[in-house]
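Dumped final.cif below, it's mmCIF, C-alpha atoms:
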data_target
loop_
_atom_site.label_atom_id
_atom_site.label_comp_id
_atom_site.auth_asym_id
_atom_site.auth_seq_id
_atom_site.Cartn_x
_atom_site.Cartn_y
_atom_site.Cartn_z
CA MET U 15 -58.47 -11.20 -48.01
CA ALA U 16 -55.06 -9.74 -48.73
CA ILE U 17 -54.38 -9.69 -45.02
CA VAL U 18 -55.47 -13.29 -44.69
CA ARG U 19 -53.10 -14.26 -47.48
CA ARG U 20 -50.32 -12.42 -45.74
CA LEU U 21 -51.14 -14.21 -42.51
CA ALA U 22 -51.23 -17.66 -44.08
CA PRO U 23 -47.52 -18.30 -43.46
CA SER U 24 -48.02 -17.44 -39.82
CA LEU U 25 -50.92 -19.85 -39.55
CA GLY U 26 -48.79 -22.48 -41.23
CA LEU U 27 -46.04 -21.85 -38.74
CA THR U 28 -48.59 -22.20 -35.97
CA LEU U 29 -49.81 -25.51 -37.30
CA GLY U 30 -46.25 -26.63 -37.78
CA GLY U 31 -45.56 -25.79 -34.18
CA LEU U 32 -48.53 -27.81 -33.07
CA VAL U 33 -47.41 -30.74 -35.17
CA LEU U 34 -43.98 -30.60 -33.62
CA GLY U 35 -45.63 -30.43 -30.26
CA ALA U 36 -47.60 -33.54 -31.00
CA ALA U 37 -44.54 -35.38 -32.30
CA ALA U 38 -42.69 -34.51 -29.16
CA SER U 39 -45.19 -36.48 -27.16
CA LEU U 40 -44.26 -39.70 -28.89
CA ALA U 41 -42.16 -42.25 -27.12
CA LEU U 42 -38.88 -41.94 -28.94
CA SER U 43 -36.60 -44.93 -29.13
CA SER U 44 -34.22 -43.36 -31.58
CA GLY U 45 -31.42 -40.97 -30.83
CA THR U 46 -32.40 -38.83 -33.77
CA LEU U 47 -34.94 -36.04 -33.79
CA GLY U 48 -35.28 -33.96 -36.89
CA ALA U 49 -31.87 -32.79 -37.97
CA ALA U 50 -30.31 -33.30 -34.58
CA THR U 51 -28.50 -36.44 -33.55
CA THR U 52 -27.21 -37.86 -30.35
CA SER U 53 -25.05 -40.81 -29.44
CA THR U 54 -26.73 -44.03 -28.54
CA PRO U 55 -25.46 -45.36 -25.24
CA ARG U 56 -23.45 -48.55 -25.25
CA CYS U 57 -22.90 -51.10 -22.56
CA THR U 58 -19.24 -51.68 -23.39
CA THR U 59 -16.27 -50.80 -25.50
CA ALA U 60 -14.34 -53.87 -24.37
CA GLY U 61 -12.50 -56.19 -26.68
CA LEU U 62 -14.83 -59.11 -27.05
CA SER U 63 -13.49 -62.51 -27.93
CA VAL U 64 -15.48 -64.41 -30.52
CA ILE U 65 -15.11 -68.13 -31.05
CA GLN U 66 -16.99 -70.12 -33.63
CA ASN U 67 -18.06 -73.53 -32.40
CA LEU U 68 -18.08 -76.29 -34.97
CA SER U 69 -19.99 -79.44 -35.61
CA GLY U 70 -18.06 -81.19 -38.30
CA SER U 71 -17.30 -78.53 -40.85
CA THR U 72 -20.16 -76.20 -39.99
CA VAL U 73 -20.52 -73.40 -37.47
CA ILE U 74 -23.36 -74.14 -35.05
CA SER U 75 -22.84 -71.42 -32.47
CA VAL U 76 -20.74 -68.44 -31.53
CA THR U 77 -19.30 -67.89 -28.08
CA VAL U 78 -18.66 -64.31 -27.10
CA GLY U 79 -16.34 -63.72 -24.17
CA ASN U 80 -15.00 -60.80 -22.11
CA ILE U 81 -18.52 -59.43 -21.73
CA PRO U 82 -18.50 -56.92 -18.89
CA ALA U 83 -21.12 -56.83 -16.17
CA ALA U 84 -22.57 -53.65 -17.68
CA CYS U 85 -23.97 -55.77 -20.51
CA GLY U 86 -25.64 -58.24 -18.16
CA GLY U 87 -29.30 -58.60 -19.03
CA ALA U 88 -28.84 -57.35 -22.58
CA VAL U 89 -29.97 -59.39 -25.54
CA LEU U 90 -26.98 -60.40 -27.61
CA GLN U 91 -27.85 -60.86 -31.26
CA ALA U 92 -25.38 -62.49 -33.61
CA ALA U 93 -25.43 -62.82 -37.37
CA LEU U 94 -22.85 -64.91 -39.18
CA ASN U 95 -22.19 -64.55 -42.88
CA ASN U 96 -19.72 -66.84 -44.59
CA GLY U 97 -20.10 -65.23 -47.99
CA THR U 98 -22.91 -67.45 -49.15
CA THR U 99 -25.04 -68.20 -46.10
CA ASN U 100 -26.46 -66.13 -43.27
CA ALA U 101 -27.28 -67.49 -39.86
CA THR U 102 -28.64 -65.65 -36.87
CA GLY U 103 -29.43 -66.21 -33.24
CA SER U 104 -29.75 -64.42 -29.96
CA VAL U 105 -29.33 -65.00 -26.26
CA THR U 106 -29.79 -63.00 -23.10
CA VAL U 107 -26.51 -62.19 -21.40
CA ALA U 108 -26.35 -63.41 -17.83
CA ALA U 109 -26.16 -60.88 -15.05
CA GLY U 110 -22.54 -60.22 -14.39
CA GLY U 111 -21.54 -60.68 -18.01
CA GLY U 112 -18.77 -63.18 -18.70
CA SER U 113 -19.44 -65.20 -21.80
CA ALA U 114 -22.52 -66.04 -23.82
CA THR U 115 -23.10 -68.59 -26.53
CA VAL U 116 -25.45 -67.79 -29.37
CA VAL U 117 -26.87 -70.85 -31.09
CA LEU U 118 -27.36 -70.15 -34.78
CA GLY U 119 -30.58 -70.98 -36.57
CA THR U 120 -28.73 -72.65 -39.39
CA ALA U 121 -25.19 -74.00 -39.56
CA PRO U 122 -23.09 -72.35 -42.29
CA ALA U 123 -20.01 -74.12 -43.58
CA ARG U 124 -16.66 -72.96 -42.27
CA GLN U 125 -14.95 -70.71 -44.79
CA LEU U 126 -11.73 -68.82 -45.16
CA ALA U 127 -13.38 -65.63 -43.95
CA ASP U 128 -16.48 -65.38 -41.84
CA GLU U 129 -18.12 -62.19 -40.70
CA VAL U 130 -19.97 -62.12 -37.40
CA ASP U 131 -22.02 -59.07 -36.51
CA LEU U 132 -22.86 -58.68 -32.85
CA VAL U 133 -25.31 -56.31 -31.22
CA PHE U 134 -26.11 -55.97 -27.55
CA VAL U 135 -29.60 -54.53 -27.17
CA GLY U 136 -30.05 -53.13 -23.71
CA PRO U 137 -29.86 -53.56 -20.82
CA MET K 16 -65.33 -8.33 -43.55
CA SER K 17 -64.70 -4.87 -42.19
CA ARG K 18 -61.20 -3.48 -41.84
CA ALA K 19 -61.54 -3.62 -38.04
CA ALA K 20 -62.59 -7.24 -38.17
CA ARG K 21 -59.64 -8.09 -40.41
CA LEU K 22 -57.29 -6.45 -37.96
CA ARG K 23 -58.81 -8.44 -35.08
CA TRP K 24 -58.32 -11.66 -37.05
CA ALA K 25 -54.79 -10.65 -37.84
CA THR K 26 -54.06 -10.02 -34.19
CA VAL K 27 -55.51 -13.38 -33.20
CA ALA K 28 -53.53 -15.16 -35.88
CA ILE K 29 -50.24 -13.55 -34.87
CA PHE K 30 -50.95 -14.40 -31.25
CA ALA K 31 -51.69 -17.98 -32.18
CA ALA K 32 -48.48 -18.17 -34.16
CA ALA K 33 -46.51 -16.91 -31.19
CA ILE K 34 -48.18 -19.42 -28.87
CA GLY K 35 -47.61 -22.20 -31.35
CA ALA K 36 -43.95 -21.40 -31.64
CA SER K 37 -43.69 -21.18 -27.90
CA LEU K 38 -45.38 -24.54 -27.47
CA SER K 39 -43.17 -26.01 -30.11
CA HIS K 40 -39.98 -24.89 -28.44
CA ALA K 41 -41.20 -25.80 -25.00
CA SER K 42 -42.20 -29.25 -26.15
CA THR K 43 -38.96 -29.85 -27.98
CA ALA K 44 -36.95 -28.79 -24.98
CA SER K 45 -38.90 -31.14 -22.77
CA ILE K 46 -38.25 -34.21 -24.89
CA SER K 47 -36.30 -36.76 -22.96
CA LEU K 48 -34.40 -39.16 -25.17
CA ALA K 49 -34.12 -42.39 -23.29
CA SER K 50 -32.77 -44.89 -25.77
CA GLN K 51 -31.71 -48.25 -24.47
CA ASN K 52 -28.14 -49.33 -24.97
CA PHE K 53 -27.27 -50.43 -28.48
CA THR K 54 -23.79 -51.85 -28.79
CA PRO K 55 -22.66 -53.12 -32.19
CA TYR K 56 -19.48 -55.05 -32.97
CA ARG K 57 -18.22 -56.70 -36.10
CA THR K 58 -15.86 -59.64 -36.30
CA CYS K 59 -13.77 -61.07 -39.10
CA THR K 60 -12.53 -64.58 -38.52
CA LEU K 61 -9.89 -65.82 -40.90
CA ALA K 62 -9.39 -69.58 -40.86
CA ALA K 63 -6.86 -71.44 -42.95
CA THR K 64 -9.20 -73.31 -45.23
CA PRO K 65 -8.87 -74.73 -47.76
CA ALA K 66 -5.33 -75.96 -47.19
CA THR K 67 -4.31 -74.51 -50.53
CA THR K 68 -5.25 -70.96 -49.62
CA THR K 69 -2.56 -68.37 -50.03
CA SER K 70 -4.38 -65.85 -47.86
CA ILE K 71 -3.05 -67.61 -44.80
CA VAL K 72 0.45 -69.03 -44.76
CA ASP K 73 2.33 -70.83 -42.02
CA THR K 74 5.57 -72.69 -41.69
CA THR K 75 8.37 -73.64 -39.35
CA VAL K 76 12.03 -72.79 -39.65
CA LYS K 77 14.42 -75.24 -38.02
CA GLN K 78 17.92 -74.49 -36.87
CA ALA K 79 18.92 -78.13 -37.30
CA SER K 80 17.79 -78.03 -40.94
CA ALA K 81 18.86 -74.52 -41.63
CA THR K 82 18.53 -74.61 -45.40
CA SER K 83 15.32 -76.63 -45.61
CA ASN K 84 11.84 -75.28 -46.13
CA PHE K 85 8.88 -76.78 -44.26
CA GLY K 86 6.06 -74.80 -45.81
CA ALA K 87 4.22 -77.94 -46.87
CA ALA K 88 4.42 -79.65 -43.47
CA THR K 89 1.22 -80.54 -41.66
CA THR K 90 2.53 -79.40 -38.29
CA ASN K 91 4.37 -76.37 -37.00
CA SER K 92 6.61 -76.30 -33.97
CA VAL K 93 8.23 -73.98 -31.52
CA SER K 94 11.22 -75.59 -29.97
CA SER K 95 14.05 -74.66 -27.67
CA GLY K 96 17.20 -76.77 -27.72
CA ALA K 97 20.92 -76.59 -28.27
CA SER K 98 21.23 -76.01 -32.02
CA ALA K 99 17.70 -77.36 -32.32
CA ASN K 100 15.54 -74.26 -32.03
CA GLN K 101 12.43 -73.98 -34.14
CA ARG K 102 10.25 -70.99 -34.90
CA ILE K 103 6.85 -70.55 -36.50
CA TYR K 104 6.09 -67.94 -39.13
CA VAL K 105 2.45 -67.23 -39.85
CA ARG K 106 0.60 -64.55 -41.79
CA PHE K 107 -3.08 -63.76 -42.38
CA ASP K 108 -4.11 -61.55 -45.26
CA LEU K 109 -6.67 -59.17 -43.82
CA ALA K 110 -7.83 -58.34 -47.35
CA ALA K 111 -9.64 -61.67 -47.27
CA CYS K 112 -12.13 -60.24 -44.79
CA SER K 113 -15.48 -59.57 -46.39
CA PRO K 114 -16.64 -56.91 -45.92
CA ALA K 115 -13.23 -55.32 -45.77
CA ILE K 116 -12.22 -53.85 -42.45
CA PRO K 117 -12.29 -50.07 -42.97
CA SER K 118 -8.98 -48.33 -42.39
CA THR K 119 -10.79 -46.07 -39.94
CA ALA K 120 -12.13 -48.95 -37.89
CA THR K 121 -11.18 -49.30 -34.26
CA VAL K 122 -9.83 -52.76 -33.58
CA ARG K 123 -11.06 -53.85 -30.17
CA LEU K 124 -9.38 -57.23 -30.07
CA ALA K 125 -7.33 -59.41 -32.38
CA THR K 126 -6.45 -62.89 -31.32
CA LEU K 127 -4.18 -65.43 -32.95
CA ARG K 128 -5.45 -68.95 -32.42
CA LEU K 129 -3.27 -71.98 -33.01
CA TYR K 130 -4.23 -75.53 -32.20
CA MET K 131 -1.62 -77.23 -30.04
CA THR K 132 -1.30 -80.98 -30.51
CA ALA K 133 1.79 -81.74 -28.43
CA VAL K 134 2.34 -80.00 -25.12
CA PRO K 135 5.84 -79.64 -23.66
CA ALA K 136 6.52 -81.30 -20.34
CA ALA K 137 7.88 -78.06 -18.93
CA CYS K 138 6.07 -74.77 -18.87
CA ARG K 139 7.46 -72.62 -21.66
CA THR K 140 6.80 -69.03 -22.60
CA LEU K 141 6.24 -68.46 -26.30
CA ASP K 142 6.81 -64.96 -27.66
CA LEU K 143 5.05 -63.44 -30.66
CA PHE K 144 6.88 -60.86 -32.73
CA ARG K 145 5.51 -58.79 -35.57
CA VAL K 146 7.56 -59.60 -38.65
CA THR K 147 8.92 -56.52 -40.41
CA ALA K 148 10.10 -57.98 -43.70
CA THR K 149 8.60 -60.12 -46.38
CA TRP K 150 8.89 -63.91 -46.53
CA THR K 151 7.22 -66.68 -48.47
CA GLU K 152 5.79 -69.93 -47.21
CA SER K 153 7.50 -72.03 -49.86
CA ALA K 154 10.97 -70.54 -49.54
CA ILE K 155 11.69 -69.38 -46.02
CA THR K 156 14.32 -71.32 -44.10
CA TRP K 157 16.17 -70.87 -40.82
CA ASN K 158 18.98 -69.19 -42.68
CA THR K 159 16.77 -66.82 -44.69
CA GLN K 160 14.22 -65.87 -42.04
CA PRO K 161 13.61 -62.13 -41.59
CA PHE K 162 14.83 -62.07 -37.99
CA GLY K 163 18.14 -63.73 -38.76
CA THR K 164 19.73 -66.78 -37.22
CA THR K 165 20.89 -65.43 -33.88
CA ILE K 166 18.99 -67.23 -31.15
CA ASN K 167 16.92 -65.25 -28.69
CA ASN K 168 16.68 -62.51 -31.26
CA PRO K 169 14.75 -60.27 -31.35
CA ALA K 170 14.79 -59.50 -27.66
CA SER K 171 11.80 -60.61 -25.64
CA GLY K 172 11.08 -57.02 -24.74
CA SER K 173 10.02 -56.24 -28.29
CA ARG K 174 7.41 -58.99 -28.48
CA SER K 175 3.80 -58.26 -29.30
CA ASP K 176 2.55 -60.74 -26.73
CA SER K 177 3.40 -64.02 -25.08
CA LEU K 178 1.64 -67.09 -23.78
CA THR K 179 2.63 -70.06 -21.70
CA VAL K 180 2.30 -73.68 -22.75
CA GLY K 181 3.18 -76.83 -20.87
CA THR K 182 1.72 -79.56 -18.73
CA PRO K 183 2.78 -78.30 -15.28
CA ALA K 184 0.20 -76.55 -13.15
CA GLY K 185 0.45 -72.82 -13.50
CA CYS K 186 0.87 -72.88 -17.23
CA VAL K 187 -2.06 -71.24 -19.01
CA ASN K 188 -2.26 -73.77 -21.84
CA LEU K 189 -1.96 -77.16 -20.19
CA VAL K 190 -3.55 -79.49 -22.69
CA ALA K 191 -3.97 -79.94 -26.40
CA GLY K 192 -6.39 -77.57 -28.07
CA TYR K 193 -6.53 -73.98 -29.19
CA VAL K 194 -4.12 -71.93 -27.15
CA VAL K 195 -5.36 -68.80 -25.48
CA GLY K 196 -3.54 -65.60 -24.75
CA ALA K 197 -2.09 -64.57 -28.10
CA ASP K 198 -3.27 -60.97 -28.24
CA VAL K 199 -2.12 -59.18 -31.38
CA THR K 200 -4.54 -56.26 -31.21
CA THR K 201 -1.90 -53.55 -31.50
CA ASP K 202 -0.34 -55.15 -34.56
CA VAL K 203 -3.63 -55.71 -36.36
CA ALA K 204 -4.75 -52.18 -35.59
CA ALA K 205 -1.57 -50.94 -37.25
CA PHE K 206 -2.16 -53.20 -40.27
CA VAL K 207 -5.73 -51.96 -40.60
CA ALA K 208 -4.75 -48.31 -40.26
CA GLY K 209 -1.93 -48.74 -42.74
CA SER K 210 0.75 -47.63 -40.32
CA ALA K 211 2.52 -50.99 -40.53
CA SER K 212 2.85 -53.62 -43.23
CA ASN K 213 1.40 -57.03 -42.58
CA PHE K 214 4.16 -59.61 -42.75
CA GLY K 215 2.59 -61.69 -40.02
CA TRP K 216 4.19 -62.97 -36.86
CA MET K 217 7.09 -65.08 -35.75
CA ILE K 218 6.69 -67.24 -32.68
CA ARG K 219 9.70 -68.46 -30.76
CA ASP K 220 10.52 -69.84 -27.34
CA ASP K 221 11.27 -67.05 -24.91
CA THR K 222 14.53 -68.78 -24.02
CA GLU K 223 16.02 -70.53 -26.99
CA GLY K 224 18.92 -72.92 -26.61
CA SER K 225 17.52 -74.96 -23.74
CA ALA K 226 19.76 -77.82 -22.59
CA THR K 227 16.75 -80.12 -22.75
CA VAL K 228 14.78 -79.83 -25.95
CA ARG K 229 11.28 -78.48 -25.30
CA THR K 230 8.80 -78.48 -28.14
CA ALA K 231 5.24 -77.31 -28.60
CA THR K 232 3.62 -78.63 -31.76
CA PHE K 233 0.67 -77.08 -33.58
CA SER K 234 -1.56 -78.07 -36.47
CA ALA K 235 -0.65 -76.39 -39.73
CA LYS K 236 -3.13 -75.41 -42.41
CA GLU K 237 -1.78 -78.24 -44.55
CA LEU K 238 -3.25 -80.72 -42.07
CA ALA K 239 -6.63 -79.60 -43.42
CA SER K 240 -8.33 -80.43 -40.15
CA ILE K 241 -11.33 -78.12 -40.05
CA GLY K 242 -11.38 -78.07 -36.25
CA GLN K 243 -7.69 -77.28 -35.89
CA LEU K 244 -7.16 -74.50 -38.40
CA PRO K 245 -4.89 -71.59 -37.65
CA GLU K 246 -7.19 -68.61 -37.04
CA LEU K 247 -7.07 -64.89 -36.63
CA VAL K 248 -10.11 -63.31 -35.02
CA VAL K 249 -10.48 -59.55 -35.35
CA THR K 250 -13.22 -57.76 -33.46
CA TYR K 251 -13.74 -54.13 -34.39
CA VAL K 252 -16.16 -51.25 -34.50
CA THR K 253 -16.64 -48.72 -37.23
CA VAL K 254 -17.99 -46.03 -34.90
CA PRO K 255 -16.04 -45.90 -31.63
#
Can you turn what I pasted into C-alpha cells?
Amino acid sequence: MAIVRRLAPSLGLTLGGLVLGAAASLALSSGTLGAATTSTPRCTTAGLSVIQNLSGSTVISVTVGNIPAACGGAVLQAALNNGTTNATGSVTVAAGGGSATVVLGTAPARQLADEVDLVFVGP
Amino acid sequence: MSRAARLRWATVAIFAAAIGASLSHASTASISLASQNFTPYRTCTLAATPATTTSIVDTTVKQASATSNFGAATTNSVSSGASANQRIYVRFDLAACSPAIPSTATVRLATLRLYMTAVPAACRTLDLFRVTATWTESAITWNTQPFGTTINNPASGSRSDSLTVGTPAGCVNLVAGYVVGADVTTDVAAFVAGSASNFGWMIRDDTEGSATVRTATFSAKELASIGQLPELVVTYVTVP
C-alpha cells in the first residue's frame, strides 16, 4: 500500500487534468481562465458625447452620440446616478452607429454632478 | 497484492497521469475564447445647480465697465466692439464628480456646454482659452482678468478650441440653445492627470474690436434655469 500512497499524488494530478479537460469544454464568455487573463474586445475607443435630456427638472433619457459603425447592433446600457437615485435603461444601437437615446426607467432629479455609466454589449 | 501486481498498478497509474496531463494541456490549448465586445465608459456631467454652488462659477468681464464685477448676473456675454468687448470666464470643479475621476483615467471627450439665448446677426468665431491663473467669480473685472486687458490677447493660435455662432447659414450654432463644438478634452485630461491647474476657461470673440458690436449671450448659473445650466460633460475610461 506504500506504493499506492506514493502514487496518490499522481492519481490526483490525473483527476485534476481530467477536470481541467472538462472545464475546457464549457462555453466561456469571460476573458479569464484560471490565472490567465486576456483583454475583452471593444467596439470603440471614440470620444462619446453624452447629453442628458430633461423633463422639467428631471433626467428622462440620455443621448449618446459619436457612436461609430463598429458598435452598430450592440446593446447600449446606461445607468445614471445623481448621488441619491439610480436609473437605468438600454437600447440597441442602430446599424451604422450615430447616436442612440436610452430612456431611463425612472427620472432622477438634475443635480450638480451626475454619473452616467455606459456599456456597449456586443455586437 | 503481490509485488508484481503493485508494480503493474504503479505503471498504469503513471501512464494515466501522463495521459491526463497531456489531455489537460491539449484541451487548454484548444480553448477558443470568443467573448463578445464589452465596451464600458463613464461620464461625469457637472451642471451649475443650484445657482449658489461654488463648484461652478461663471461671469463676464466688460471692457466698457472695466472695474465692475458681473459675477451675480443672470447672463454672460461674448462681445466684439470698439471699446465694448466682453469675455466670459467659467470654471468647473472636477472634484465635484462622484465618484472622483481617477488621475489615471483616460479622458475620451470633454465638452463645455453653454446655452445661448441671443444669437449675433453675423457669424462669429468664439475662442476658448485655458486660464492659467486664479480668479474669483465675485471679484474679477476687465481690468483684473488673468489674460490682461489687451484685446485679441491671447493669440487665437493658443486657443483650446473654437466654435461659430450666428444666424447666417454656414454658422454651426444658428439658433438659441446649447452650443455645440466646444471641445476641451485636452485641457480636462491635463486637469485630471494633474499636469495643469484647473482655472477654467476664458471665451472671447476671435476678432475683438469689431466696428459693429456683435454679441452672443448665454444663460448664467444665476438664472437658475434648470434647462439652460452651464455644463461640462467628461467622458472617460479607467482602463484604456
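Shortest atom-to-atom contact with K:Glu223 among K:Asn168, K:Thr82, K:Cys59, K:Thr132: K:Asn168, counting all atoms listed in the file.
Residue membership of the PyMOL selection byres ((chain U and resi 116) around 6) in the shown file amounts to U:Ser75, U:Val76, U:Gly103, U:Ser104, U:Val105, U:Thr115, U:Val117.
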Serialized selection, C-alpha atoms, as a tab-separated table (two decimals), in the frame of the given file:
chain	number	residue	atom	x	y	z
U	75	SER	CA	-22.84	-71.42	-32.47
U	76	VAL	CA	-20.74	-68.44	-31.53
U	103	GLY	CA	-29.43	-66.21	-33.24
U	104	SER	CA	-29.75	-64.42	-29.96
U	105	VAL	CA	-29.33	-65.00	-26.26
U	115	THR	CA	-23.10	-68.59	-26.53
U	117	VAL	CA	-26.87	-70.85	-31.09
Checklist entry - Which value, in Å to one decimal, gives the distance between atom CA of K:Val122 and atom CA of K:Ala204? => result 5.5 Å
I'd like the neighbourhood of stretch 123-127 of chain K as an mmCIF file with C-alpha atoms, in the coordinates of the input, where a residue qualifies if any of its atoms comes within 8 Å (using only C-alpha atoms), though same-chain residues fewer than 6 positions away should be ignored.
data_model
loop_
_atom_site.group_PDB
_atom_site.id
_atom_site.type_symbol
_atom_site.label_atom_id
_atom_site.label_comp_id
_atom_site.auth_asym_id
_atom_site.auth_seq_id
_atom_site.Cartn_x
_atom_site.Cartn_y
_atom_site.Cartn_z
ATOM 1 C CA THR U 59 -16.270 -50.800 -25.500
ATOM 2 C CA ALA U 60 -14.340 -53.870 -24.370
ATOM 3 C CA GLY U 61 -12.500 -56.190 -26.680
ATOM 4 C CA LEU U 62 -14.830 -59.110 -27.050
ATOM 5 C CA SER U 63 -13.490 -62.510 -27.930
ATOM 6 C CA GLY K 196 -3.540 -65.600 -24.750
ATOM 7 C CA ALA K 197 -2.090 -64.570 -28.100
ATOM 8 C CA ASP K 198 -3.270 -60.970 -28.240
ATOM 9 C CA VAL K 199 -2.120 -59.180 -31.380
ATOM 10 C CA THR K 200 -4.540 -56.260 -31.210
ATOM 11 C CA VAL K 203 -3.630 -55.710 -36.360
ATOM 12 C CA PRO K 245 -4.890 -71.590 -37.650
ATOM 13 C CA GLU K 246 -7.190 -68.610 -37.040
ATOM 14 C CA LEU K 247 -7.070 -64.890 -36.630
ATOM 15 C CA VAL K 248 -10.110 -63.310 -35.020
ATOM 16 C CA VAL K 249 -10.480 -59.550 -35.350
ATOM 17 C CA THR K 250 -13.220 -57.760 -33.460
ATOM 18 C CA TYR K 251 -13.740 -54.130 -34.390
ATOM 19 C CA VAL K 252 -16.160 -51.250 -34.500
#
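Atom pair atom CA of K:Ala111 / atom CA of U:Leu126 has a distance of 7.7 Å (rounded to one decimal).
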Next on the checklist: Between atom CA of K:Leu141 and atom CA of K:Asp220, what is the distance in Å, rounded to a tenth?
Outcome noted: 4.6 Å
Next on the checklist: At a cut-off of 7 Å, using all atoms listed in the file, what residues contact K:Ser175? Leave out same-chain residues fewer than 4 positions from it and give the result as an MDAnalysis selection string.
Outcome noted: chainID K and resid 143:145 199
Checklist entry - Got a sec to resolve the PyMOL selection byres ((chain K and resi 147) around 12) on this structure and send the residues as number ranges by chain? => result K: 104, 106, 144-146, 148-150, 160-163, 169, 202, 206, 211-217
Item to check | K:Gly86 surroundings by only C-alpha atoms, 10 Å radius, close-in-sequence under 6 positions cut, as a PyMOL selection string | outcome: chain K and resi 72-76+104+151-156+235-237
Next on the checklist: For the PyMOL selection byres ((chain K and resi 100) around 8), applied here, can you spell out every residue it catches as a ChimeraX atom specification?
Outcome noted: /K:77-79,93-99,101-102,166,223-224
Is there a way to complete stretch 80-92 of chain U with N, CA and C atoms and then write that out as a compact mmCIF listing (two decimals), in the frame of the given file?
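As a result, out_22.txt now contains:
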# COMPACT_ATOMS: atom_id res chain seq x y z
N ASN U 80 -15.45 -62.11 -22.62
CA ASN U 80 -15.00 -60.80 -22.11
C ASN U 80 -16.17 -59.82 -22.00
N ILE U 81 -17.37 -60.33 -21.83
CA ILE U 81 -18.52 -59.43 -21.73
C ILE U 81 -18.55 -58.83 -20.33
N PRO U 82 -18.51 -57.53 -20.22
CA PRO U 82 -18.50 -56.92 -18.89
C PRO U 82 -19.88 -56.98 -18.23
N ALA U 83 -19.87 -56.77 -16.93
CA ALA U 83 -21.12 -56.83 -16.17
C ALA U 83 -22.14 -55.80 -16.66
N ALA U 84 -21.65 -54.71 -17.21
CA ALA U 84 -22.57 -53.65 -17.68
C ALA U 84 -23.49 -54.15 -18.77
N CYS U 85 -23.13 -55.22 -19.45
CA CYS U 85 -23.97 -55.77 -20.51
C CYS U 85 -24.88 -56.89 -20.00
N GLY U 86 -24.78 -57.19 -18.72
CA GLY U 86 -25.64 -58.24 -18.16
C GLY U 86 -27.10 -57.88 -18.33
N GLY U 87 -27.88 -58.83 -18.79
CA GLY U 87 -29.30 -58.60 -19.03
C GLY U 87 -29.62 -58.15 -20.44
N ALA U 88 -28.60 -57.77 -21.19
CA ALA U 88 -28.84 -57.35 -22.58
C ALA U 88 -29.11 -58.58 -23.44
N VAL U 89 -29.78 -58.32 -24.55
CA VAL U 89 -29.97 -59.39 -25.54
C VAL U 89 -28.83 -59.29 -26.54
N LEU U 90 -28.09 -60.36 -26.65
CA LEU U 90 -26.98 -60.40 -27.61
C LEU U 90 -27.47 -61.08 -28.88
N GLN U 91 -27.45 -60.32 -29.96
CA GLN U 91 -27.85 -60.86 -31.26
C GLN U 91 -26.60 -61.07 -32.09
N ALA U 92 -26.53 -62.18 -32.77
CA ALA U 92 -25.38 -62.49 -33.61
C ALA U 92 -25.85 -62.90 -34.99
